[in-house]
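Chemist: One file: work_38.cif (mmCIF, C-alpha atoms and all ligand atoms).
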```cif
data_upload
#
loop_
_atom_site.group_PDB
_atom_site.id
_atom_site.type_symbol
_atom_site.label_atom_id
_atom_site.label_comp_id
_atom_site.auth_asym_id
_atom_site.auth_seq_id
_atom_site.Cartn_x
_atom_site.Cartn_y
_atom_site.Cartn_z
ATOM 1 C CA MET A 261 -0.976 -11.999 141.047
ATOM 2 C CA ALA A 262 -0.104 -10.196 137.857
ATOM 3 C CA GLY A 263 -3.089 -8.429 136.376
ATOM 4 C CA VAL A 264 -3.935 -5.923 139.077
ATOM 5 C CA VAL A 265 -1.421 -3.362 137.947
ATOM 6 C CA GLN A 266 -0.948 -4.268 134.270
ATOM 7 C CA VAL A 267 -2.046 -1.498 131.915
ATOM 8 C CA GLU A 268 -3.170 -2.014 128.342
ATOM 9 C CA TRP A 269 -2.570 0.963 126.105
ATOM 10 C CA ASP A 270 -5.636 2.244 124.299
ATOM 11 C CA ASP A 271 -6.475 5.377 122.353
ATOM 12 C CA SER A 272 -8.157 6.985 125.358
ATOM 13 C CA LEU A 273 -4.597 7.538 126.644
ATOM 14 C CA SER A 274 -3.406 9.305 123.507
ATOM 15 C CA VAL A 275 -2.369 12.939 123.973
ATOM 16 C CA GLY A 276 -2.445 13.493 120.198
ATOM 17 C CA VAL A 277 1.315 13.971 119.767
ATOM 18 C CA PRO A 278 2.866 10.765 118.381
ATOM 19 C CA PHE A 279 6.310 10.975 119.974
ATOM 20 C CA ILE A 280 4.809 11.642 123.415
ATOM 21 C CA ASP A 281 2.412 8.702 122.991
ATOM 22 C CA GLU A 282 5.307 6.425 122.027
ATOM 23 C CA GLN A 283 7.241 7.443 125.130
ATOM 24 C CA HIS A 284 4.178 6.898 127.320
ATOM 25 C CA LYS A 285 3.782 3.387 125.867
ATOM 26 C CA ARG A 286 7.374 2.698 126.803
ATOM 27 C CA LEU A 287 6.905 3.953 130.356
ATOM 28 C CA ILE A 288 3.773 1.856 130.798
ATOM 29 C CA GLU A 289 5.649 -1.146 129.428
ATOM 30 C CA ILE A 290 8.393 -0.695 132.042
ATOM 31 C CA ILE A 291 5.803 -0.369 134.830
ATOM 32 C CA ASN A 292 4.094 -3.558 133.582
ATOM 33 C CA LYS A 293 7.436 -5.382 133.566
ATOM 34 C CA LEU A 294 8.185 -4.172 137.064
ATOM 35 C CA ASP A 295 4.802 -5.459 138.198
ATOM 36 C CA THR A 296 5.378 -8.858 136.599
ATOM 37 C CA ALA A 297 8.886 -9.127 138.049
ATOM 38 C CA CYS A 298 7.648 -8.346 141.579
ATOM 39 C CA LYS A 299 4.607 -10.607 141.386
ATOM 40 C CA LYS A 300 6.680 -13.489 140.062
ATOM 41 C CA GLY A 301 9.270 -12.929 142.757
ATOM 42 C CA GLN A 302 12.117 -12.440 140.309
ATOM 43 C CA ALA A 303 15.653 -11.694 141.467
ATOM 44 C CA ARG A 304 16.222 -8.405 143.290
ATOM 45 C CA GLU A 305 18.793 -7.562 140.665
ATOM 46 C CA VAL A 306 16.129 -7.712 137.935
ATOM 47 C CA VAL A 307 13.711 -5.570 139.946
ATOM 48 C CA GLY A 308 16.474 -3.097 140.820
ATOM 49 C CA GLN A 309 17.383 -2.728 137.151
ATOM 50 C CA LEU A 310 13.763 -2.102 136.211
ATOM 51 C CA ILE A 311 13.396 0.596 138.887
ATOM 52 C CA HIS A 312 16.579 2.179 137.576
ATOM 53 C CA GLY A 313 15.340 1.881 133.980
ATOM 54 C CA LEU A 314 12.026 3.483 134.908
ATOM 55 C CA GLY A 315 13.844 6.407 136.530
ATOM 56 C CA GLU A 316 16.136 6.920 133.548
ATOM 57 C CA TYR A 317 13.344 6.745 131.026
ATOM 58 C CA ALA A 318 11.086 9.017 133.105
ATOM 59 C CA ILE A 319 13.840 11.661 133.272
ATOM 60 C CA TYR A 320 14.402 11.394 129.531
ATOM 61 C CA HIS A 321 10.676 11.607 128.795
ATOM 62 C CA PHE A 322 10.038 14.497 131.185
ATOM 63 C CA SER A 323 12.836 16.530 129.667
ATOM 64 C CA ALA A 324 11.457 15.868 126.171
ATOM 65 C CA GLU A 325 8.082 17.230 127.278
ATOM 66 C CA GLN A 326 9.719 20.156 129.049
ATOM 67 C CA ASP A 327 11.700 21.058 125.929
ATOM 68 C CA GLN A 328 8.414 21.370 124.059
ATOM 69 C CA MET A 329 6.967 23.517 126.856
ATOM 70 C CA ARG A 330 9.921 25.886 126.680
ATOM 71 C CA LEU A 331 9.909 26.047 122.887
ATOM 72 C CA THR A 332 6.213 26.896 122.783
ATOM 73 C CA GLU A 333 6.105 29.029 125.966
ATOM 74 C CA TYR A 334 3.498 26.762 127.489
ATOM 75 C CA PRO A 335 1.634 28.772 130.144
ATOM 76 C CA GLU A 336 1.232 25.835 132.573
ATOM 77 C CA THR A 337 4.897 24.838 132.557
ATOM 78 C CA ALA A 338 5.586 25.449 136.259
ATOM 79 C CA ALA A 339 2.755 23.238 137.559
ATOM 80 C CA HIS A 340 3.536 20.515 135.039
ATOM 81 C CA VAL A 341 7.253 20.489 135.829
ATOM 82 C CA ALA A 342 6.460 20.378 139.555
ATOM 83 C CA GLN A 343 4.542 17.130 138.986
ATOM 84 C CA HIS A 344 7.466 15.639 137.099
ATOM 85 C CA GLN A 345 9.839 16.566 139.912
ATOM 86 C CA GLU A 346 7.485 15.096 142.489
ATOM 87 C CA PHE A 347 7.407 11.792 140.610
ATOM 88 C CA ILE A 348 11.204 11.595 140.365
ATOM 89 C CA GLN A 349 11.469 12.426 144.073
ATOM 90 C CA LYS A 350 8.958 9.699 144.932
ATOM 91 C CA LEU A 351 10.743 7.203 142.694
ATOM 92 C CA MET A 352 14.045 7.983 144.428
ATOM 93 C CA GLU A 353 12.372 7.274 147.772
ATOM 94 C CA ILE A 354 10.981 3.988 146.447
ATOM 95 C CA ASP A 355 14.443 3.042 145.161
ATOM 96 C CA ALA A 356 16.117 3.932 148.472
ATOM 97 C CA LYS A 357 13.572 1.854 150.423
ATOM 98 C CA PHE A 358 13.974 -1.019 148.005
ATOM 99 C CA LYS A 359 17.761 -0.971 148.408
ATOM 100 C CA ALA A 360 17.501 -0.818 152.207
ATOM 101 C CA SER A 361 15.116 -3.765 152.471
ATOM 102 C CA ASN A 362 15.146 -7.373 151.392
ATOM 103 C CA VAL A 363 11.684 -7.439 149.855
ATOM 104 C CA LEU A 364 10.466 -6.561 146.359
ATOM 105 C CA LEU A 365 7.961 -3.757 145.710
ATOM 106 C CA SER A 366 4.563 -4.006 147.393
ATOM 107 C CA SER A 367 1.303 -3.970 145.446
ATOM 108 C CA GLU A 368 0.659 -0.593 147.012
ATOM 109 C CA ILE A 369 3.800 0.887 145.474
ATOM 110 C CA LEU A 370 3.113 -0.742 142.101
ATOM 111 C CA LEU A 371 -0.395 0.677 142.141
ATOM 112 C CA PHE A 372 0.961 4.084 143.066
ATOM 113 C CA LEU A 373 3.309 4.047 140.052
ATOM 114 C CA ARG A 374 0.564 2.947 137.690
ATOM 115 C CA ASN A 375 -2.028 5.377 139.010
ATOM 116 C CA TRP A 376 0.363 8.299 139.107
ATOM 117 C CA TYR A 377 1.218 7.698 135.494
ATOM 118 C CA LEU A 378 -2.302 7.205 134.234
ATOM 119 C CA ASN A 379 -3.556 10.275 136.095
ATOM 120 C CA HIS A 380 -0.672 12.377 134.869
ATOM 121 C CA ILE A 381 -1.305 11.373 131.250
ATOM 122 C CA ARG A 382 -5.051 11.895 131.461
ATOM 123 C CA LEU A 383 -5.069 15.171 133.365
ATOM 124 C CA VAL A 384 -1.756 16.911 132.721
ATOM 125 C CA ASP A 385 -0.107 15.555 129.570
ATOM 126 C CA LYS A 386 -3.352 15.706 127.582
ATOM 127 C CA LYS A 387 -3.565 19.445 128.263
ATOM 128 C CA LEU A 388 -0.018 19.853 127.013
ATOM 129 C CA GLY A 389 -0.780 17.683 123.959
ATOM 130 C CA ALA A 390 -3.817 19.793 123.057
ATOM 131 C CA TYR A 391 -1.778 22.977 123.430
ATOM 132 C CA LEU A 392 1.070 21.666 121.255
ATOM 133 C CA LEU A 393 -1.367 20.602 118.549
ATOM 134 C CA ALA A 394 -3.067 24.012 118.576
ATOM 135 C CA ARG A 395 0.300 25.786 118.392
ATOM 136 C CA HIS A 396 1.360 23.498 115.603
ATOM 137 C CA ARG A 397 -1.745 24.313 113.584
ATOM 138 C CA GLU A 398 -1.385 28.046 114.236
ATOM 139 C CA SER A 399 2.250 28.295 113.324
ATOM 140 C CA ARG A 400 2.234 25.646 110.598
ATOM 141 C CA LEU A 401 5.709 24.806 111.753
ATOM 142 C CA ALA A 402 7.053 21.287 111.680
ATOM 143 C CA GLY A 403 5.748 19.253 114.589
ATOM 144 C CA PRO A 404 7.819 18.446 117.637
ATOM 145 C CA GLU A 405 10.780 16.495 116.408
ATOM 146 C CA ASP A 406 11.269 12.999 117.727
ATOM 147 C CA PRO A 407 14.302 13.109 119.977
ATOM 148 C CA PRO A 408 16.681 10.127 119.825
ATOM 149 C CA GLU A 409 15.690 7.132 121.944
ATOM 150 C CA PRO A 410 17.964 6.036 124.770
ATOM 151 C CA GLU A 411 19.010 2.390 125.031
ATOM 152 C CA SER A 412 16.144 -0.072 125.240
ATOM 153 C CA ALA A 413 14.996 -0.877 128.780
ATOM 154 C CA ASP A 414 14.079 -4.424 127.716
HETATM 155 FE FE FE B 1 4.177 15.218 131.774
HETATM 156 FE FE FE B 2 4.300 12.363 129.898
#
```
What does the file become when written as structure tokens?
Ligand SMILES: [Fe+2]
Ligand SMILES: [Fe+2]
Modeler:
Amino acid sequence: MAGVVQVEWDDSLSVGVPFIDEQHKRLIEIINKLDTACKKGQAREVVGQLIHGLGEYAIYHFSAEQDQMRLTEYPETAAHVAQHQEFIQKLMEIDAKFKASNVLLSSEILLFLRNWYLNHIRLVDKKLGAYLLARHRESRLAGPEDPPEPESAD
């Protein structure tokens, strides 16, 4: 049933940098849609498009974060980027399995996606957010610019 994996955004997930928060909301929205589509047994085509959309948006979002890391010489870049790469790798495996089977995503996989994301935001992205805010205050430079949004995944 829907509800196990659905995530409601709240301020405890904020990393303090508005454009990163907005992108995280979008990612969580896609994961929620994927959960609903699988639980409702929607067409494989719909689920396949959502998996693809999640991958595209994750790549876009990760590179936006990584641009900020490079620009500010973030000391924990390597470990953070490694987590991003691991997620993309895992998502590619999920996609390959999905394409090779005739079932939708299991609750286990949906939970993995949700938990990976929530843990990454809480433990890894929040550290980056705090660092960017501190750098921003120090340098008094303009904040990270909002990069253009890709096409809506709706
Ligand atoms: Fe990240
Ligand atoms: Fe992130």
Chemist: Report as an mmCIF file with C-alpha atoms, in the frame of the given file all protein, DNA and RNA residues lying within 8 Å of A:Ala390, evaluated on all atoms listed in the file, omitting residues in the same chain fewer than 3 positions from it.
Modeler:
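Dumped everything to result-v7.cif:
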```cif
data_model
loop_
_atom_site.group_PDB
_atom_site.id
_atom_site.type_symbol
_atom_site.label_atom_id
_atom_site.label_comp_id
_atom_site.auth_asym_id
_atom_site.auth_seq_id
_atom_site.Cartn_x
_atom_site.Cartn_y
_atom_site.Cartn_z
ATOM 1 C CA VAL A 275 -2.369 12.939 123.973
ATOM 2 C CA GLY A 276 -2.445 13.493 120.198
ATOM 3 C CA LYS A 386 -3.352 15.706 127.582
ATOM 4 C CA LYS A 387 -3.565 19.445 128.263
ATOM 5 C CA LEU A 393 -1.367 20.602 118.549
ATOM 6 C CA ALA A 394 -3.067 24.012 118.576
#
```
Chemist: Under the PyMOL selection byres (((chain A and resi 277) around 9) and not hetatm), which residues of this model are included? Write them out as a list in words.
Modeler: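 Checking the PyMOL selection byres (((chain A and resi 277) around 9) and not hetatm) against this file, the residues are Ser274, Val275, Gly276, Pro278, Phe279, Ile280, Asp281, Glu282, Gly389, Ala390, Leu392, Leu393, Gly403 and Pro404 of chain A.
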Chemist: Applied to this file, what does the PyMOL selection byres (((not hetatm)) within 7 of (chain B and resi 2)) return in terms of residues, put as a list in words?
Modeler: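 So the PyMOL selection byres (((not hetatm)) within 7 of (chain B and resi 2)) ends up selecting Ile280, His284, His321, Phe322, Glu325, Ile381 and Asp385 of chain A.
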Chemist: Counting all atoms listed in the file, figure out which residue out of A:Ala297, A:Ala324, A:Arg330, A:Leu373 gets nearest to ligand FE 1 (chain B).
Modeler: A:Ala324
Chemist: Record the distance separating atom CA of A:Ala303 and atom CA of A:Ala318, expressed in Å with one decimal.
Modeler: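 These two atoms are separated by 22.8 Å.
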Chemist: With a distance cut-off of 7 Å and all atoms listed in the file, select the neighbouring residues of A:Gly315, excluding the residue or stretch itself and same-chain residues fewer than 3 positions from it, and output the selection as a list in words.
Modeler: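 Near A:Gly315, the qualifying residues are Ile311, His312, Ala318, Ile319, Ile348 and Leu351 of chain A.
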Chemist: Evaluate the PyMOL selection byres (((chain A and resi 365) around 10) and not hetatm) and record the selected residues as a list in words, following the chain and residue labels used in the document.
Modeler: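 So the PyMOL selection byres (((chain A and resi 365) around 10) and not hetatm), applied here, picks out Leu294, Asp295, Ala297, Cys298, Lys299, Gly301, Arg304, Val307, Gly308, Ile311, Ile354, Asp355, Lys357, Phe358, Ser361, Asn362, Val363, Leu364, Ser366, Ser367, Glu368, Ile369 and Leu370 of chain A.
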Chemist: Taking only C-alpha atoms and all ligand atoms into account, name the residue in A:Lys359, A:Lys300, A:Lys285, A:His380 that is nearest to ligand FE 1 (chain B).
Modeler: A:His380
Chemist: Which of these residues is nearest to A:Ser323, using all atoms listed in the file: A:Ile288, A:Gln302, A:Leu273, A:Gln283?
Modeler: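 Of A:Ile288, A:Gln302, A:Leu273, A:Gln283, the one nearest A:Ser323 is A:Gln283, counting all atoms listed in the file.
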